[in-house]
>>> print(open('upload_36.json').read())   # JSON, C-alpha atoms and all ligand atoms
[["chain", "number", "residue", "atom", "x", "y", "z"],
["J", 293, "MET", "CA", 36.68, 40.49, -84.24],
["J", 294, "CYS", "CA", 35.41, 37.01, -84.96],
["J", 295, "ARG", "CA", 33.00, 35.43, -82.45],
["J", 296, "ILE", "CA", 32.94, 31.66, -82.28],
["J", 297, "ILE", "CA", 29.70, 30.16, -80.98],
["J", 298, "ALA", "CA", 29.25, 26.44, -80.29],
["J", 299, "ILE", "CA", 25.67, 25.24, -80.57],
["J", 300, "ALA", "CA", 25.61, 22.35, -78.16],
["J", 301, "ASN", "CA", 23.38, 19.96, -76.28],
["J", 302, "GLN", "CA", 24.17, 16.28, -75.74],
["J", 303, "LYS", "CA", 20.47, 15.51, -76.23],
["J", 304, "GLY", "CA", 19.68, 14.58, -79.82],
["J", 305, "GLY", "CA", 17.07, 16.19, -82.02],
["J", 306, "VAL", "CA", 16.61, 19.40, -80.03],
["J", 307, "GLY", "CA", 17.19, 21.72, -83.00],
["J", 308, "LYS", "CA", 20.97, 22.33, -82.91],
["J", 309, "THR", "CA", 21.42, 21.99, -86.68],
["J", 310, "THR", "CA", 18.24, 23.90, -87.53],
["J", 311, "THR", "CA", 19.36, 26.71, -85.22],
["J", 312, "CYS", "CA", 22.93, 26.71, -86.55],
["J", 313, "VAL", "CA", 21.77, 26.98, -90.17],
["J", 314, "ASN", "CA", 19.05, 29.58, -89.60],
["J", 315, "LEU", "CA", 21.02, 31.71, -87.15],
["J", 316, "GLY", "CA", 24.05, 31.53, -89.47],
["J", 317, "ILE", "CA", 22.07, 32.51, -92.55],
["J", 318, "GLY", "CA", 20.24, 35.14, -90.48],
["J", 319, "LEU", "CA", 23.59, 36.70, -89.52],
["J", 320, "ALA", "CA", 24.75, 36.58, -93.16],
["J", 321, "ARG", "CA", 21.54, 38.32, -94.26],
["J", 322, "ALA", "CA", 22.39, 41.02, -91.71],
["J", 323, "GLY", "CA", 25.70, 41.58, -93.51],
["J", 324, "GLU", "CA", 28.00, 39.47, -91.34],
["J", 325, "LYS", "CA", 30.61, 37.12, -92.80],
["J", 326, "VAL", "CA", 29.71, 33.67, -91.48],
["J", 327, "LEU", "CA", 31.27, 30.21, -91.44],
["J", 328, "LEU", "CA", 29.30, 27.17, -90.22],
["J", 329, "VAL", "CA", 31.32, 24.18, -89.04],
["J", 330, "GLU", "CA", 29.64, 20.82, -88.76],
["J", 331, "ALA", "CA", 31.08, 18.90, -85.80],
["J", 332, "ASP", "CA", 28.51, 16.11, -86.07],
["J", 333, "ALA", "CA", 29.10, 12.74, -87.72],
["J", 334, "GLN", "CA", 25.47, 12.52, -88.85],
["J", 335, "GLY", "CA", 26.11, 15.06, -91.62],
["J", 336, "SER", "CA", 22.71, 16.62, -91.03],
["J", 337, "MET", "CA", 23.98, 20.18, -91.51],
["J", 338, "ALA", "CA", 25.39, 19.21, -94.90],
["J", 339, "VAL", "CA", 21.98, 17.73, -95.82],
["J", 340, "SER", "CA", 20.20, 20.85, -94.51],
["J", 341, "LEU", "CA", 22.42, 22.90, -96.84],
["J", 342, "GLY", "CA", 21.58, 20.81, -99.88],
["J", 343, "ILE", "CA", 24.24, 18.07, -99.92],
["J", 344, "GLN", "CA", 22.26, 14.89, -100.45],
["J", 345, "GLU", "CA", 25.02, 12.35, -99.70],
["J", 346, "PRO", "CA", 27.50, 13.76, -97.15],
["J", 347, "ASP", "CA", 29.17, 10.35, -96.80],
["J", 348, "GLU", "CA", 30.40, 10.70, -100.42],
["J", 349, "LEU", "CA", 32.15, 14.06, -99.88],
["J", 350, "ASP", "CA", 35.90, 14.04, -100.64],
["J", 351, "VAL", "CA", 36.92, 16.69, -98.11],
["J", 352, "THR", "CA", 35.24, 17.26, -94.76],
["J", 353, "LEU", "CA", 36.16, 18.51, -91.31],
["J", 354, "VAL", "CA", 37.76, 15.11, -90.72],
["J", 355, "ASN", "CA", 40.44, 15.63, -93.40],
["J", 356, "ILE", "CA", 41.16, 19.10, -92.07],
["J", 357, "MET", "CA", 41.46, 17.92, -88.45],
["J", 358, "GLU", "CA", 43.69, 15.03, -89.55],
["J", 359, "LYS", "CA", 46.04, 17.50, -91.24],
["J", 360, "ILE", "CA", 46.22, 19.57, -88.06],
["J", 361, "ILE", "CA", 46.94, 16.43, -86.03],
["J", 362, "ASN", "CA", 49.73, 15.44, -88.45],
["J", 363, "ASP", "CA", 51.16, 18.97, -88.48],
["J", 364, "GLU", "CA", 50.45, 19.34, -92.21],
["J", 365, "ASP", "CA", 49.45, 22.62, -93.89],
["J", 366, "VAL", "CA", 45.77, 23.22, -94.63],
["J", 367, "GLU", "CA", 45.47, 25.10, -97.95],
["J", 368, "PRO", "CA", 43.55, 28.42, -97.76],
["J", 369, "GLY", "CA", 39.87, 27.67, -98.34],
["J", 370, "GLU", "CA", 40.42, 23.89, -98.27],
["J", 371, "GLY", "CA", 37.19, 22.03, -97.50],
["J", 372, "ILE", "CA", 35.17, 25.26, -97.27],
["J", 373, "ILE", "CA", 32.01, 25.31, -99.39],
["J", 374, "HIS", "CA", 30.34, 28.57, -100.43],
["J", 375, "HIS", "CA", 26.56, 28.38, -100.12],
["J", 376, "GLU", "CA", 24.16, 30.38, -102.28],
["J", 377, "GLU", "CA", 22.45, 31.84, -99.19],
["J", 378, "GLY", "CA", 25.60, 33.81, -98.35],
["J", 379, "ILE", "CA", 27.45, 31.63, -95.86],
["J", 380, "ASP", "CA", 30.52, 29.38, -96.01],
["J", 381, "PHE", "CA", 30.40, 25.95, -94.42],
["J", 382, "ILE", "CA", 32.57, 22.96, -93.64],
["J", 383, "PRO", "CA", 30.56, 19.74, -93.73],
["J", 384, "ALA", "CA", 31.18, 16.51, -91.84],
["J", 385, "ASN", "CA", 30.13, 12.91, -92.28],
["J", 386, "ILE", "CA", 30.28, 9.50, -90.63],
["J", 387, "GLU", "CA", 34.11, 9.50, -90.69],
["J", 388, "LEU", "CA", 34.03, 12.03, -87.84],
["J", 389, "ALA", "CA", 32.93, 9.21, -85.51],
["J", 390, "GLY", "CA", 36.17, 7.33, -86.35],
["J", 391, "LEU", "CA", 38.25, 10.45, -85.76],
["J", 392, "GLU", "CA", 36.62, 10.91, -82.35],
["J", 393, "THR", "CA", 37.94, 7.49, -81.29],
["J", 394, "SER", "CA", 41.44, 8.04, -82.66],
["J", 395, "LEU", "CA", 41.76, 11.45, -80.95],
["J", 396, "VAL", "CA", 42.31, 9.63, -77.65],
["J", 397, "ASN", "CA", 46.00, 9.11, -78.46],
["J", 398, "VAL", "CA", 46.66, 12.53, -79.99],
["J", 399, "MET", "CA", 48.84, 15.21, -78.37],
["J", 400, "CYS", "CA", 46.71, 18.28, -77.42],
["J", 401, "ARG", "CA", 43.64, 16.29, -78.43],
["J", 402, "GLU", "CA", 41.21, 18.92, -77.08],
["J", 403, "GLN", "CA", 42.86, 21.73, -79.09],
["J", 404, "VAL", "CA", 42.77, 20.42, -82.67],
["J", 405, "LEU", "CA", 39.72, 22.38, -83.83],
["J", 406, "ARG", "CA", 40.89, 25.53, -82.03],
["J", 407, "LEU", "CA", 44.27, 25.34, -83.78],
["J", 408, "TYR", "CA", 42.50, 25.14, -87.14],
["J", 409, "LEU", "CA", 39.99, 27.93, -86.46],
["J", 410, "ASP", "CA", 42.74, 30.21, -85.09],
["J", 411, "GLY", "CA", 44.23, 30.16, -88.58],
["J", 412, "ILE", "CA", 41.05, 31.15, -90.44],
["J", 413, "LYS", "CA", 38.93, 33.16, -88.02],
["J", 414, "ASP", "CA", 40.22, 36.54, -89.19],
["J", 415, "GLY", "CA", 38.23, 36.04, -92.39],
["J", 416, "TYR", "CA", 34.89, 35.84, -90.54],
["J", 417, "ASP", "CA", 32.66, 37.83, -88.19],
["J", 418, "TYR", "CA", 30.98, 34.70, -86.83],
["J", 419, "ILE", "CA", 31.86, 31.02, -86.80],
["J", 420, "LEU", "CA", 29.06, 28.74, -85.60],
["J", 421, "ILE", "CA", 29.89, 25.15, -84.66],
["J", 422, "ASP", "CA", 27.07, 22.61, -84.87],
["J", 423, "CYS", "CA", 27.95, 20.03, -82.20],
["J", 424, "MET", "CA", 27.06, 16.35, -82.07],
["J", 425, "PRO", "CA", 24.62, 14.98, -79.50],
["J", 426, "SER", "CA", 27.29, 13.77, -77.06],
["J", 427, "LEU", "CA", 29.87, 15.24, -74.71],
["J", 428, "GLY", "CA", 32.75, 13.34, -76.32],
["J", 429, "MET", "CA", 36.08, 14.63, -77.58],
["J", 430, "ILE", "CA", 34.72, 16.37, -80.70],
["J", 431, "THR", "CA", 32.26, 18.39, -78.61],
["J", 432, "ILE", "CA", 35.06, 19.21, -76.15],
["J", 433, "ASN", "CA", 37.11, 20.43, -79.15],
["J", 434, "ALA", "CA", 34.19, 22.69, -80.10],
["J", 435, "LEU", "CA", 33.92, 24.08, -76.55],
["J", 436, "VAL", "CA", 37.67, 24.72, -76.42],
["J", 437, "ALA", "CA", 37.54, 26.57, -79.76],
["J", 438, "ALA", "CA", 34.48, 28.65, -78.88],
["J", 439, "ASP", "CA", 33.98, 32.00, -77.14],
["J", 440, "SER", "CA", 30.46, 31.09, -76.09],
["J", 441, "VAL", "CA", 27.84, 28.34, -76.19],
["J", 442, "LEU", "CA", 24.26, 28.61, -77.36],
["J", 443, "ILE", "CA", 22.17, 25.81, -75.87],
["J", 444, "PRO", "CA", 19.00, 24.84, -77.72],
["J", 445, "VAL", "CA", 16.65, 23.02, -75.35],
["J", 446, "GLU", "CA", 13.51, 21.28, -76.45],
["J", 447, "ALA", "CA", 10.60, 22.30, -74.27],
["J", 448, "ALA", "CA", 9.97, 18.79, -72.90],
["J", 449, "TYR", "CA", 10.71, 16.95, -69.65],
["J", 450, "LEU", "CA", 13.69, 14.70, -70.51],
["J", 451, "PRO", "CA", 15.73, 17.25, -72.51],
["J", 452, "VAL", "CA", 15.50, 19.67, -69.61],
["J", 453, "LYS", "CA", 16.82, 17.01, -67.22],
["J", 454, "GLY", "CA", 20.08, 16.66, -69.20],
["J", 455, "LEU", "CA", 20.81, 20.37, -69.06],
["J", 456, "GLN", "CA", 22.60, 20.24, -65.70],
["J", 457, "GLN", "CA", 25.21, 17.82, -67.04],
["J", 458, "LEU", "CA", 25.91, 20.04, -70.04],
["J", 459, "ILE", "CA", 26.28, 23.13, -67.87],
["J", 460, "LYS", "CA", 28.72, 21.23, -65.61],
["J", 461, "THR", "CA", 30.81, 20.20, -68.63],
["J", 462, "ILE", "CA", 30.88, 23.79, -69.92],
["J", 463, "GLY", "CA", 32.05, 24.91, -66.45],
["J", 464, "LYS", "CA", 34.83, 22.32, -66.44],
["J", 465, "VAL", "CA", 36.04, 23.32, -69.91],
["J", 466, "HIS", "CA", 35.94, 26.98, -68.82],
["J", 467, "ARG", "CA", 38.06, 26.28, -65.73],
["J", 468, "ARG", "CA", 40.55, 23.83, -67.21],
["J", 469, "LEU", "CA", 40.88, 24.47, -70.92],
["J", 470, "ASN", "CA", 39.23, 27.67, -72.16],
["J", 471, "PRO", "CA", 38.81, 30.59, -69.73],
["J", 472, "ARG", "CA", 37.13, 32.66, -72.51],
["J", 473, "LEU", "CA", 34.16, 30.31, -72.68],
["J", 474, "SER", "CA", 30.79, 31.62, -71.52],
["J", 475, "ILE", "CA", 27.17, 30.63, -72.02],
["J", 476, "LEU", "CA", 25.51, 32.89, -74.58],
["J", 477, "GLY", "CA", 22.08, 31.63, -73.63],
["J", 478, "ILE", "CA", 19.47, 28.92, -73.57],
["J", 479, "LEU", "CA", 17.10, 28.86, -76.54],
["J", 480, "LEU", "CA", 13.82, 27.03, -76.11],
["J", 481, "THR", "CA", 13.00, 25.07, -79.25],
["J", 482, "LYS", "CA", 10.13, 23.02, -80.62],
["J", 483, "VAL", "CA", 7.73, 24.79, -78.31],
["J", 484, "ASP", "CA", 4.16, 23.64, -78.80],
["J", 485, "ARG", "CA", 2.37, 26.86, -77.94],
["J", 486, "ARG", "CA", -1.02, 25.16, -77.79],
["J", 487, "THR", "CA", -0.13, 23.21, -74.64],
["J", 488, "ASN", "CA", 0.23, 24.31, -71.04],
["J", 489, "PHE", "CA", 2.96, 21.71, -70.62],
["J", 490, "ALA", "CA", 5.36, 23.59, -72.91],
["J", 491, "LYS", "CA", 4.54, 26.78, -71.01],
["J", 492, "ASP", "CA", 5.24, 25.04, -67.67],
["J", 493, "ILE", "CA", 8.60, 23.75, -68.92],
["J", 494, "SER", "CA", 9.57, 27.20, -70.21],
["J", 495, "GLU", "CA", 8.68, 28.76, -66.87],
["J", 496, "GLN", "CA", 10.58, 26.05, -65.01],
["J", 497, "ILE", "CA", 13.74, 26.72, -67.05],
["J", 498, "ARG", "CA", 13.48, 30.46, -66.42],
["J", 499, "GLU", "CA", 12.99, 29.79, -62.70],
["J", 500, "VAL", "CA", 15.86, 27.31, -62.28],
["J", 501, "TYR", "CA", 18.47, 28.82, -64.61],
["J", 502, "GLY", "CA", 17.29, 32.37, -65.33],
["J", 503, "ASN", "CA", 19.28, 34.00, -62.51],
["J", 504, "ASN", "CA", 22.62, 32.71, -63.76],
["J", 505, "ILE", "CA", 22.16, 32.07, -67.45],
["J", 506, "HIS", "CA", 20.61, 34.24, -70.14],
["J", 507, "ILE", "CA", 17.40, 32.71, -71.51],
["J", 508, "PHE", "CA", 16.66, 34.06, -74.97],
["J", 509, "GLU", "CA", 13.51, 36.15, -74.96],
["J", 510, "ASN", "CA", 12.05, 34.42, -77.96],
["J", 511, "CYS", "CA", 11.57, 30.70, -78.49],
["J", 512, "ILE", "CA", 11.27, 28.57, -81.60],
["J", 513, "PRO", "CA", 7.81, 27.08, -82.04],
["J", 514, "MET", "CA", 7.14, 23.50, -83.08],
["J", 515, "SER", "CA", 6.28, 23.74, -86.75],
["J", 516, "VAL", "CA", 6.10, 21.41, -89.69],
["J", 517, "ARG", "CA", 7.52, 24.25, -91.82],
["J", 518, "ALA", "CA", 10.73, 24.12, -89.74],
["J", 519, "ALA", "CA", 10.90, 20.33, -90.09],
["J", 520, "GLU", "CA", 10.52, 20.61, -93.87],
["J", 521, "THR", "CA", 13.61, 22.83, -94.26],
["J", 522, "THR", "CA", 15.95, 19.91, -93.49],
["J", 523, "ALA", "CA", 14.72, 17.94, -96.50],
["J", 524, "GLU", "CA", 14.39, 21.05, -98.67],
["J", 525, "GLY", "CA", 18.08, 21.96, -98.19],
["J", 526, "LYS", "CA", 17.35, 25.64, -97.66],
["J", 527, "SER", "CA", 16.83, 28.06, -94.82],
["J", 528, "ILE", "CA", 13.49, 28.93, -93.28],
["J", 529, "TYR", "CA", 13.90, 32.44, -94.78],
["J", 530, "LEU", "CA", 13.51, 30.97, -98.26],
["J", 531, "HIS", "CA", 11.15, 28.11, -97.38],
["J", 532, "ASP", "CA", 8.58, 30.05, -95.39],
["J", 533, "PRO", "CA", 9.71, 33.69, -95.13],
["J", 534, "LYS", "CA", 6.49, 35.03, -93.64],
["J", 535, "GLY", "CA", 5.99, 32.22, -91.12],
["J", 536, "ILE", "CA", 6.45, 32.35, -87.37],
["J", 537, "VAL", "CA", 9.65, 30.23, -87.37],
["J", 538, "ALA", "CA", 11.40, 32.63, -89.77],
["J", 539, "GLU", "CA", 10.23, 35.51, -87.59],
["J", 540, "GLU", "CA", 11.61, 33.85, -84.43],
["J", 541, "TYR", "CA", 14.97, 33.06, -86.06],
["J", 542, "ARG", "CA", 15.19, 36.70, -87.24],
["J", 543, "HIS", "CA", 14.50, 37.76, -83.67],
["J", 544, "LEU", "CA", 17.20, 35.40, -82.36],
["J", 545, "THR", "CA", 19.65, 36.79, -84.92],
["J", 546, "GLY", "CA", 18.92, 40.31, -83.64],
["J", 547, "GLU", "CA", 19.48, 39.20, -80.03],
["J", 548, "VAL", "CA", 22.81, 37.55, -80.89],
["J", 549, "LEU", "CA", 23.96, 40.63, -82.83],
["J", 550, "ALA", "CA", 22.97, 42.93, -79.97],
["J", 551, "ASP", "CA", 24.75, 40.74, -77.42],
["J", 552, "GLU", "CA", 28.02, 40.51, -79.29],
["J", 553, "LYS", "CA", 28.46, 44.18, -80.14],
["L", 1, "LIG", "N1", 10.96, 24.11, -84.63],
["L", 1, "LIG", "C1", 10.83, 22.89, -85.12],
["L", 1, "LIG", "N2", 9.60, 22.33, -85.27],
["L", 1, "LIG", "C2", 9.46, 21.07, -85.76],
["L", 1, "LIG", "N3", 10.49, 20.29, -86.15],
["L", 1, "LIG", "C3", 11.73, 20.79, -86.02],
["L", 1, "LIG", "C4", 11.98, 22.10, -85.50],
["L", 1, "LIG", "N4", 13.30, 22.32, -85.49],
["L", 1, "LIG", "C5", 13.87, 21.20, -85.97],
["L", 1, "LIG", "N5", 12.95, 20.27, -86.30],
["L", 1, "LIG", "C6", 13.16, 18.93, -86.84],
["L", 1, "LIG", "O1", 13.59, 18.09, -85.77],
["L", 1, "LIG", "C7", 14.61, 17.20, -86.22],
["L", 1, "LIG", "C8", 15.86, 17.43, -85.39],
["L", 1, "LIG", "O2", 16.29, 18.77, -85.62],
["L", 1, "LIG", "P1", 17.85, 19.13, -85.70],
["L", 1, "LIG", "O3", 18.52, 18.21, -86.66],
["L", 1, "LIG", "O4", 17.95, 20.58, -85.93],
["L", 1, "LIG", "O5", 18.26, 18.76, -84.23],
["L", 1, "LIG", "P2", 19.72, 18.40, -83.67],
["L", 1, "LIG", "O6", 19.70, 18.77, -82.24],
["L", 1, "LIG", "O7", 20.76, 19.03, -84.53],
["L", 1, "LIG", "O8", 19.75, 16.85, -83.88],
["L", 1, "LIG", "P3", 21.03, 15.88, -83.61],
["L", 1, "LIG", "O9", 21.25, 15.91, -82.14],
["L", 1, "LIG", "O10", 20.55, 14.57, -84.11],
["L", 1, "LIG", "O11", 22.18, 16.47, -84.38],
["L", 1, "LIG", "C9", 14.81, 17.48, -87.70],
["L", 1, "LIG", "O12", 14.04, 16.57, -88.45],
["L", 1, "LIG", "C10", 14.28, 18.89, -87.88],
["L", 1, "LIG", "O13", 13.78, 19.12, -89.18]]
>>> encode(input="upload_36.json", output="structure tokens")
Amino acid sequence: MCRIIAIANQKGGVGKTTTCVNLGIGLARAGEKVLLVEADAQGSMAVSLGIQEPDELDVTLVNIMEKIINDEDVEPGEGIIHHEEGIDFIPANIELAGLETSLVNVMCREQVLRLYLDGIKDGYDYILIDCMPSLGMITINALVAADSVLIPVEAAYLPVKGLQQLIKTIGKVHRRLNPRLSILGILLTKVDRRTNFAKDISEQIREVYGNNIHIFENCIPMSVRAAETTAEGKSIYLHDPKGIVAEEYRHLTGEVLADEK
């Protein structure tokens, strides 16, 4: 059965895309059939997967969602790109921001992505949705389509403050629109292990949320090697296979696999 995981946090730059790409490729390396869906107008997942100019792509998630909205057929495989590291992905670009605005007047506006994924999910073991840094209609679409949410949180003061709002939104979507939705866990990212501050923040998150929400055992360290992967257009497993970030993403992949079985 396919598991759909939204990777969400309305705070920008916390490692959503990096986690989506490296968890997705990690799952594919473990033999799972994986689709990554970019639900972010910045196109950073497309760039991370080697597409230099996402704004010049002919078909993106926007075209697919527009077809669903207009009740048109989406051809099998339409807009899906096969990546050499063993995953499929659907990129997005700046046009997604325009679609977000026009969704306001659409019937079943929260369900568009779910309707699309319902039609293709049988072909995959995992679908990971890389959300945009907002709690707007595209992110709500992702939460309605998903079975669970993985929340990357940067180990710093302000990102932690925004967490409560995200958890409230997930609760609302669960109650009103998608009773299947649960929180898979909080993943601490960009952890600077040399400082006590990062350690304090990690402990604070475990203390405040740990009783109700799973906090992933491992955390992703701050590392220039991780930052380089975005520009390199490849996963951490190819860029720095023996490094600590690859090790931590392998560990995360194992935790996600163990949880979903
Ligand atoms: N562990 C890490 N250590 C250092 N830099 C990182 C790490 N993970 C990601 N980065 C870098 O931080 C920046 C933001 O990461 P990423 O794009 O994954 O975050 P995001 O939450 O998806 O951002 P946005 O909200 O803008 O979509 C990128 O330049 C990325 O290369």
>>> atom_distance(input="upload_36.json", atom1="atom C8 of ligand LIG 1 (chain L)", atom2="atom CA of Val306 of chain J")
5.8 Å
>>> residues_around(input="upload_36.json", residues="Thr481 of chain J", least_positions_apart="4", cutoff="6 Å", atoms="all atoms listed in the file", output="PyMOL selection string")
chain J and resi 445-446+511-512
>>> residues_near_ligand(input="upload_36.json", ligand="ligand LIG 1 (chain L)", cutoff="6 Å", atoms="all atoms listed in the file", output="PyMOL selection string")
chain J and resi 303-310+424-425+481-482+512-516+518-520+522
>>> write_last_selection(input="upload_36.json", atoms="C-alpha atoms", output="short mmCIF file (atom, residue, chain, number, x, y, z; two decimals), in the coordinates of the input")
data_model
loop_
_atom_site.label_atom_id
_atom_site.label_comp_id
_atom_site.auth_asym_id
_atom_site.auth_seq_id
_atom_site.Cartn_x
_atom_site.Cartn_y
_atom_site.Cartn_z
CA LYS J 303 20.47 15.51 -76.23
CA GLY J 304 19.68 14.58 -79.82
CA GLY J 305 17.07 16.19 -82.02
CA VAL J 306 16.61 19.40 -80.03
CA GLY J 307 17.19 21.72 -83.00
CA LYS J 308 20.97 22.33 -82.91
CA THR J 309 21.42 21.99 -86.68
CA THR J 310 18.24 23.90 -87.53
CA MET J 424 27.06 16.35 -82.07
CA PRO J 425 24.62 14.98 -79.50
CA THR J 481 13.00 25.07 -79.25
CA LYS J 482 10.13 23.02 -80.62
CA ILE J 512 11.27 28.57 -81.60
CA PRO J 513 7.81 27.08 -82.04
CA MET J 514 7.14 23.50 -83.08
CA SER J 515 6.28 23.74 -86.75
CA VAL J 516 6.10 21.41 -89.69
CA ALA J 518 10.73 24.12 -89.74
CA ALA J 519 10.90 20.33 -90.09
CA GLU J 520 10.52 20.61 -93.87
CA THR J 522 15.95 19.91 -93.49
#
>>> atom_distance(input="upload_36.json", atom1="atom CA of Thr521 of chain J", atom2="atom CA of Tyr418 of chain J")
22.3 Å
>>> atom_distance(input="upload_36.json", atom1="atom CA of Met357 of chain J", atom2="atom CA of Asp410 of chain J")
12.8 Å
>>> closest_residue(input="upload_36.json", among="J:Tyr541, J:Leu476, J:Leu327, J:Arg486", to="Asp380 of chain J", atoms="all atoms listed in the file")
J:Leu327
>>> closest_residue(input="upload_36.json", among="J:Lys526, J:His543, J:Arg321, J:Arg472", to="Asp439 of chain J", atoms="all atoms listed in the file")
J:Arg472
>>> residues_around(input="upload_36.json", residues="segment 360-376 of chain J", least_positions_apart="5", cutoff="12 Å", atoms="only C-alpha atoms", output="PyMOL selection string")
chain J and resi 313+316-317+320-321+325-330+338+340-343+349-355+381-384+391+394-413+415+525-527+530
>>> axis_aligned_box(input="upload_36.json", around="segment 505-524 of chain J", padding_each_side="5 Å", output="AutoDock Vina command-line options")
--center_x 14.1 --center_y 27.0 --center_z -83.1 --size_x 26.1 --size_y 28.2 --size_z 41.2
>>> residues_around(input="upload_36.json", residues="Asp551 of chain J", least_positions_apart="3", cutoff="12 Å", atoms="all atoms listed in the file", output="PyMOL selection string")
chain J and resi 295+440+475-477+506+508+544-548
>>> residues_around(input="upload_36.json", residues="Arg468 of chain J", least_positions_apart="3", cutoff="12 Å", atoms="all atoms listed in the file", output="list in words")
Glu402, Ile432, Leu435, Val436, Thr461, Ile462, Gly463, Lys464, Val465, Pro471, Arg472 and Leu473 of chain J
>>> residues_around(input="upload_36.json", residues="Ile386 of chain J", least_positions_apart="4", cutoff="8 Å", atoms="all atoms listed in the file", output="count of residues only")
5
>>> decode(input="upload_36.json", residues="segment 348-410 of chain J", atoms="C-alpha atoms", output="PDB file, in the first residue's frame")
ATOM      1  CA  GLU J 348      11.293  26.939 -18.319  1.00  0.00           C
ATOM      2  CA  LEU J 349       9.690  23.494 -17.825  1.00  0.00           C
ATOM      3  CA  ASP J 350       6.735  22.770 -20.135  1.00  0.00           C
ATOM      4  CA  VAL J 351       4.812  20.497 -17.762  1.00  0.00           C
ATOM      5  CA  THR J 352       4.780  20.831 -13.984  1.00  0.00           C
ATOM      6  CA  LEU J 353       2.439  20.100 -11.100  1.00  0.00           C
ATOM      7  CA  VAL J 354       0.547  23.252 -12.104  1.00  0.00           C
ATOM      8  CA  ASN J 355      -0.550  21.824 -15.481  1.00  0.00           C
ATOM      9  CA  ILE J 356      -1.591  18.583 -13.823  1.00  0.00           C
ATOM     10  CA  MET J 357      -3.612  20.337 -11.103  1.00  0.00           C
ATOM     11  CA  GLU J 358      -5.244  22.585 -13.721  1.00  0.00           C
ATOM     12  CA  LYS J 359      -6.384  19.496 -15.628  1.00  0.00           C
ATOM     13  CA  ILE J 360      -7.897  18.040 -12.463  1.00  0.00           C
ATOM     14  CA  ILE J 361      -9.666  21.341 -11.759  1.00  0.00           C
ATOM     15  CA  ASN J 362     -11.065  21.406 -15.324  1.00  0.00           C
ATOM     16  CA  ASP J 363     -12.103  17.750 -15.144  1.00  0.00           C
ATOM     17  CA  GLU J 364      -9.726  16.821 -17.970  1.00  0.00           C
ATOM     18  CA  ASP J 365      -7.859  13.492 -18.205  1.00  0.00           C
ATOM     19  CA  VAL J 366      -4.231  13.370 -17.094  1.00  0.00           C
ATOM     20  CA  GLU J 367      -2.309  10.988 -19.386  1.00  0.00           C
ATOM     21  CA  PRO J 368      -0.508   8.116 -17.597  1.00  0.00           C
ATOM     22  CA  GLY J 369       2.964   9.334 -16.655  1.00  0.00           C
ATOM     23  CA  GLU J 370       2.226  12.918 -17.734  1.00  0.00           C
ATOM     24  CA  GLY J 371       4.611  15.390 -16.092  1.00  0.00           C
ATOM     25  CA  ILE J 372       6.486  12.625 -14.235  1.00  0.00           C
ATOM     26  CA  ILE J 373      10.263  12.702 -14.666  1.00  0.00           C
ATOM     27  CA  HIS J 374      12.417   9.614 -14.059  1.00  0.00           C
ATOM     28  CA  HIS J 375      15.600  10.471 -12.180  1.00  0.00           C
ATOM     29  CA  GLU J 376      18.840   8.524 -12.522  1.00  0.00           C
ATOM     30  CA  GLU J 377      19.000   7.955  -8.750  1.00  0.00           C
ATOM     31  CA  GLY J 378      15.952   5.686  -8.940  1.00  0.00           C
ATOM     32  CA  ILE J 379      13.026   7.960  -8.106  1.00  0.00           C
ATOM     33  CA  ASP J 380      10.250   9.608 -10.123  1.00  0.00           C
ATOM     34  CA  PHE J 381       9.413  13.251  -9.511  1.00  0.00           C
ATOM     35  CA  ILE J 382       6.961  15.942 -10.495  1.00  0.00           C
ATOM     36  CA  PRO J 383       8.582  19.377 -10.452  1.00  0.00           C
ATOM     37  CA  ALA J 384       6.959  22.754  -9.854  1.00  0.00           C
ATOM     38  CA  ASN J 385       7.875  26.333 -10.626  1.00  0.00           C
ATOM     39  CA  ILE J 386       6.778  29.913 -10.073  1.00  0.00           C
ATOM     40  CA  GLU J 387       3.421  29.280 -11.810  1.00  0.00           C
ATOM     41  CA  LEU J 388       2.319  27.370  -8.699  1.00  0.00           C
ATOM     42  CA  ALA J 389       2.040  30.707  -6.872  1.00  0.00           C
ATOM     43  CA  GLY J 390      -0.546  31.848  -9.463  1.00  0.00           C
ATOM     44  CA  LEU J 391      -2.470  28.596  -9.129  1.00  0.00           C
ATOM     45  CA  GLU J 392      -2.586  29.036  -5.349  1.00  0.00           C
ATOM     46  CA  THR J 393      -4.445  32.340  -5.826  1.00  0.00           C
ATOM     47  CA  SER J 394      -6.874  30.987  -8.417  1.00  0.00           C
ATOM     48  CA  LEU J 395      -7.746  27.946  -6.269  1.00  0.00           C
ATOM     49  CA  VAL J 396      -9.873  30.224  -4.084  1.00  0.00           C
ATOM     50  CA  ASN J 397     -12.792  29.977  -6.525  1.00  0.00           C
ATOM     51  CA  VAL J 398     -12.461  26.279  -7.332  1.00  0.00           C
ATOM     52  CA  MET J 399     -14.978  23.621  -6.252  1.00  0.00           C
ATOM     53  CA  CYS J 400     -13.348  21.166  -3.762  1.00  0.00           C
ATOM     54  CA  ARG J 401     -10.288  23.405  -3.762  1.00  0.00           C
ATOM     55  CA  GLU J 402      -8.615  21.501  -0.899  1.00  0.00           C
ATOM     56  CA  GLN J 403      -8.971  18.136  -2.700  1.00  0.00           C
ATOM     57  CA  VAL J 404      -7.300  18.768  -6.076  1.00  0.00           C
ATOM     58  CA  LEU J 405      -3.948  17.145  -5.274  1.00  0.00           C
ATOM     59  CA  ARG J 406      -5.637  14.232  -3.480  1.00  0.00           C
ATOM     60  CA  LEU J 407      -7.824  13.545  -6.527  1.00  0.00           C
ATOM     61  CA  TYR J 408      -4.707  13.418  -8.707  1.00  0.00           C
ATOM     62  CA  LEU J 409      -2.639  11.241  -6.356  1.00  0.00           C
ATOM     63  CA  ASP J 410      -5.568   8.838  -5.833  1.00  0.00           C
TER      64      ASP J 410
END
